[in-house]
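Below is one structure; the comments refer to it alone.
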Amino acid sequence: MERRVFLGGRFEAGGSVQEVRSPFDGSVVSRVHQADVRQADRALALAVERRGELGRLSAGRRRALCQAISDGLATRLEEIARIIALEAGKPIGAARTEVKRAVGTFAFAAGEVASYGGELVPVDFDEAARGYRGFSRLVPNGPVVGISPFNFPLNLSAHKVAPALAIGAPIVLKPPPQAPSAAIVLAEIALAAGAPEGALSVLPCENAVAERLATDPRVRLLSFTGSARVGWSLRGKVDRTRVLLELGGNAAVAIAEDADLDWALDRTALAAFAYAGQVCISAQRVYAHRSIFAQVVRGLVERASRWPAGDPLDEATVVGPLIDERSADRLLSWVDEARRLGATVACGGARRGGTLVDPIVVTGAPPSAKLVCEEAFGPVVVVEPYDDFDQALAAMNEGEYGLQAALFTRDLGRVGRAIERLEVGGLVVNDAPTFRSDNMPYGGRKGSGLGREGLRYAMEELSERQMVVIGSR
């Protein structure tokens, strides 16, 4: 399938063409045109030109557009899910779930339009201001440049496009090179839904072009999801551009002795191994009370053995391929490092071809091991015992990331202490850290990023406030 650049309202050839290959078997899935520097400049220029007109679109028009895109995604669900499975290696069942979530993301955006606007602000506190009225307006802050990653190539693109269209801010989206087609299909659907010229551009491009886009002084807001190294680097290269960063994590799970253990193990195993752990809130570290530690290890090993890595188009597959061989090499080198530092590999690690790695359970890894202190982004979980709950909370807080964490317990006192002490953007109680509803405020603390996604919250992040005061005469 050939995919073209979507520039402001029409598809056109790019300066070059890149083959996108399946991470599972290396076959060519699509040929994707790459935008060159001139096309990137035209897309931004058009966004600047149309910014005022788009910002004045009626609420009804913006709501109808978002709902029409939601409906369009729903009608092409199976097609897009297959594209995601082929390009990103996401198991087909999980790919369908991603498309369903994107349908919901645009529906949430349509619903939030009704409450987007501003608020009354009382200003008549001084006698001289008697009779004065004040209100603040939310004003769209565009152009927006969005950069999305391969692991959720549709829904994380939707989390950038939907809030922008909902408020009337033009957006230029750079999709992931490993899996760009879902975002290009999203552009097709947006065009059919009546997106105005200049409201959306989708530009597959090389990293150098993407960096020029992100750092162009005409850009008012950069929304980036990806690696911490690239995200913080881009932030350091912009001047007055507002920056939203979602940079991943190293999610920790605490399992207390009073937890529903079968439920905790089912949810934690799925959160650690599904989609080969390529989720930024994947369960990577598990801290189990010493009285149940052996049961937790056995339970995770047993569940890992059910899910050998396999073909993402097979309906039974839970653990698909890693995105490329370099990622598989890195993951296994980290496992070897942990073993050299004294860790035990309880199961897994068999490599089935270049990108297929069976789920791995590790115990006894020291805090300095990369599997413990960095983001693995692979099908691996490190399990350690704790004796004191405060000790577990301290261990969960270690490291530079703070995106989401999970706690399994029936003790509300422990829940309260976790809420107060964990330095994370989200705490999930009695489910895995991978839980996310697309309307909730989502983002991290510490090195995990800046700002929040989730439709209403993202719409506010993409806006500026204008204060209006009306005198009494």
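The way I read the labels, and the way they are meant: chains A, B, ... in the order of the structure tokens, residue 1 as the first residue of every chain, and ligand 1 as the first ligand shown, with later ones counted on from there.
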Can you tell me which residues surround region 194-205 of chain A at a distance of at most 6 Å, considering only C-alpha atoms, apart from same-chain residues fewer than 2 positions away, and format the answer as JSON, numbers by chain?
{"A": [5, 6, 7, 8, 9, 34, 35, 46, 47, 170, 171, 172, 173, 174, 175, 190, 191, 192]}
List every residue of region 15-84 of chain A that DSSP, applied to the backbone, labels as helix (DSSP H, G or I), and write the result as number ranges by chain.
A: 37-55, 59-75, 77-84
Which residues are near Ala276 (chain A)? Cut-off 7 Å, only C-alpha atoms, ignore same chain within fewer than 3 positions. Put them as a ChimeraX atom specification.
/A:273,319-322,378-379
Skip Phe408 (chain A) itself and residues of its chain fewer than 2 positions away, then list as a list in words all residues within 9 Å of it, counting only C-alpha atoms.
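Close residues of Phe408 (chain A): Val253, Ala254, Ile255, Ala256, Glu257, Asp258, Ala259, Asp260, Leu261, Ala264, Ala406, Arg410, Val415, Val428, Val429, Asn430, Asp431 and Ala432 of chain A.
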With N, CA and C atoms retained, write the just-selected residues as an mmCIF file, in the first residue's frame.
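What follows is the written file selection-v4.cif:
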data_model
loop_
_atom_site.group_PDB
_atom_site.id
_atom_site.type_symbol
_atom_site.label_atom_id
_atom_site.label_comp_id
_atom_site.auth_asym_id
_atom_site.auth_seq_id
_atom_site.Cartn_x
_atom_site.Cartn_y
_atom_site.Cartn_z
ATOM 1 N N VAL A 253 4.669 -1.905 40.814
ATOM 2 C CA VAL A 253 3.462 -2.503 41.365
ATOM 3 C C VAL A 253 3.788 -3.039 42.749
ATOM 4 N N ALA A 254 2.971 -2.703 43.731
ATOM 5 C CA ALA A 254 3.099 -3.289 45.064
ATOM 6 C C ALA A 254 1.940 -4.246 45.284
ATOM 7 N N ILE A 255 2.246 -5.462 45.725
ATOM 8 C CA ILE A 255 1.220 -6.460 46.034
ATOM 9 C C ILE A 255 1.314 -6.771 47.519
ATOM 10 N N ALA A 256 0.303 -6.344 48.259
ATOM 11 C CA ALA A 256 0.287 -6.551 49.703
ATOM 12 C C ALA A 256 -0.221 -7.954 50.029
ATOM 13 N N GLU A 257 0.017 -8.366 51.260
ATOM 14 C CA GLU A 257 -0.343 -9.727 51.674
ATOM 15 C C GLU A 257 -1.857 -9.948 51.722
ATOM 16 N N ASP A 258 -2.648 -8.856 51.766
ATOM 17 C CA ASP A 258 -4.108 -9.008 51.810
ATOM 18 C C ASP A 258 -4.752 -8.876 50.431
ATOM 19 N N ALA A 259 -3.958 -8.815 49.390
ATOM 20 C CA ALA A 259 -4.502 -8.622 48.040
ATOM 21 C C ALA A 259 -5.246 -9.866 47.557
ATOM 22 N N ASP A 260 -6.170 -9.680 46.623
ATOM 23 C CA ASP A 260 -6.759 -10.788 45.879
ATOM 24 C C ASP A 260 -5.671 -11.268 44.916
ATOM 25 N N LEU A 261 -4.971 -12.321 45.304
ATOM 26 C CA LEU A 261 -3.715 -12.654 44.640
ATOM 27 C C LEU A 261 -3.904 -13.108 43.198
ATOM 28 N N ALA A 264 -4.510 -10.030 41.159
ATOM 29 C CA ALA A 264 -3.302 -9.224 41.064
ATOM 30 C C ALA A 264 -2.311 -9.839 40.085
ATOM 31 N N ALA A 406 0.914 1.038 40.559
ATOM 32 C CA ALA A 406 -0.258 0.268 40.975
ATOM 33 C C ALA A 406 -0.046 -0.322 42.353
ATOM 34 N N ARG A 410 -6.425 -4.443 50.194
ATOM 35 C CA ARG A 410 -7.765 -4.109 50.689
ATOM 36 C C ARG A 410 -7.691 -3.087 51.823
ATOM 37 N N VAL A 415 -3.612 2.499 51.089
ATOM 38 C CA VAL A 415 -3.967 3.300 49.915
ATOM 39 C C VAL A 415 -3.688 4.774 50.191
ATOM 40 N N VAL A 428 -3.027 3.577 40.400
ATOM 41 C CA VAL A 428 -4.138 2.665 40.147
ATOM 42 C C VAL A 428 -4.206 1.669 41.300
ATOM 43 N N VAL A 429 -5.340 1.605 41.969
ATOM 44 C CA VAL A 429 -5.515 0.716 43.114
ATOM 45 C C VAL A 429 -6.347 -0.483 42.691
ATOM 46 N N ASN A 430 -5.799 -1.680 42.932
ATOM 47 C CA ASN A 430 -6.449 -2.953 42.618
ATOM 48 C C ASN A 430 -6.688 -3.162 41.131
ATOM 49 N N ASP A 431 -5.802 -2.616 40.336
ATOM 50 C CA ASP A 431 -5.660 -2.982 38.933
ATOM 51 C C ASP A 431 -4.234 -2.618 38.520
ATOM 52 N N ALA A 432 -3.888 -2.943 37.296
ATOM 53 C CA ALA A 432 -2.510 -2.774 36.835
ATOM 54 C C ALA A 432 -2.218 -1.329 36.472
#
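Among the candidates A:Leu455, A:Leu427, A:Leu313, A:Ala271, the one nearest to Val286 (chain A) when counting only C-alpha atoms is A:Ala271.
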Using only C-alpha atoms, tabulate the residues of region 5-56 of chain A lying at most 12 Å from any atom of region 88-95 of chain A, each with its closest atom pair and that distance in Å to one decimal, by chain and increasing residue number, as CSV.
residue,atom,partner,partner_atom,distance
A:Val20,CA,A:Ala88,CA,9.7
A:Arg21,CA,A:Ala88,CA,9.1
A:Ser22,CA,A:Gly89,CA,6.8
A:Pro23,CA,A:Gly89,CA,5.8
A:Phe24,CA,A:Gly89,CA,6.3
A:Asp25,CA,A:Gly89,CA,9.6
A:Gly26,CA,A:Gly89,CA,10.6
A:Ser27,CA,A:Gly89,CA,11.8
A:Val29,CA,A:Ala88,CA,10.4
A:Ser30,CA,A:Ala88,CA,12.0
Selection file, C-alpha atoms, as a short mmCIF file (atom, residue, chain, number, x, y, z; two decimals), in the first residue's frame:
data_model
loop_
_atom_site.label_atom_id
_atom_site.label_comp_id
_atom_site.auth_asym_id
_atom_site.auth_seq_id
_atom_site.Cartn_x
_atom_site.Cartn_y
_atom_site.Cartn_z
CA VAL A 20 7.80 0.12 6.18
CA ARG A 21 8.50 -3.48 7.13
CA SER A 22 6.70 -5.82 9.50
CA PRO A 23 8.67 -6.29 12.72
CA PHE A 24 7.41 -9.89 12.77
CA ASP A 25 8.71 -11.22 9.46
CA GLY A 26 10.41 -8.29 7.73
CA SER A 27 7.97 -8.20 4.82
CA VAL A 29 3.85 -3.61 4.50
CA SER A 30 3.66 -0.16 2.95
#
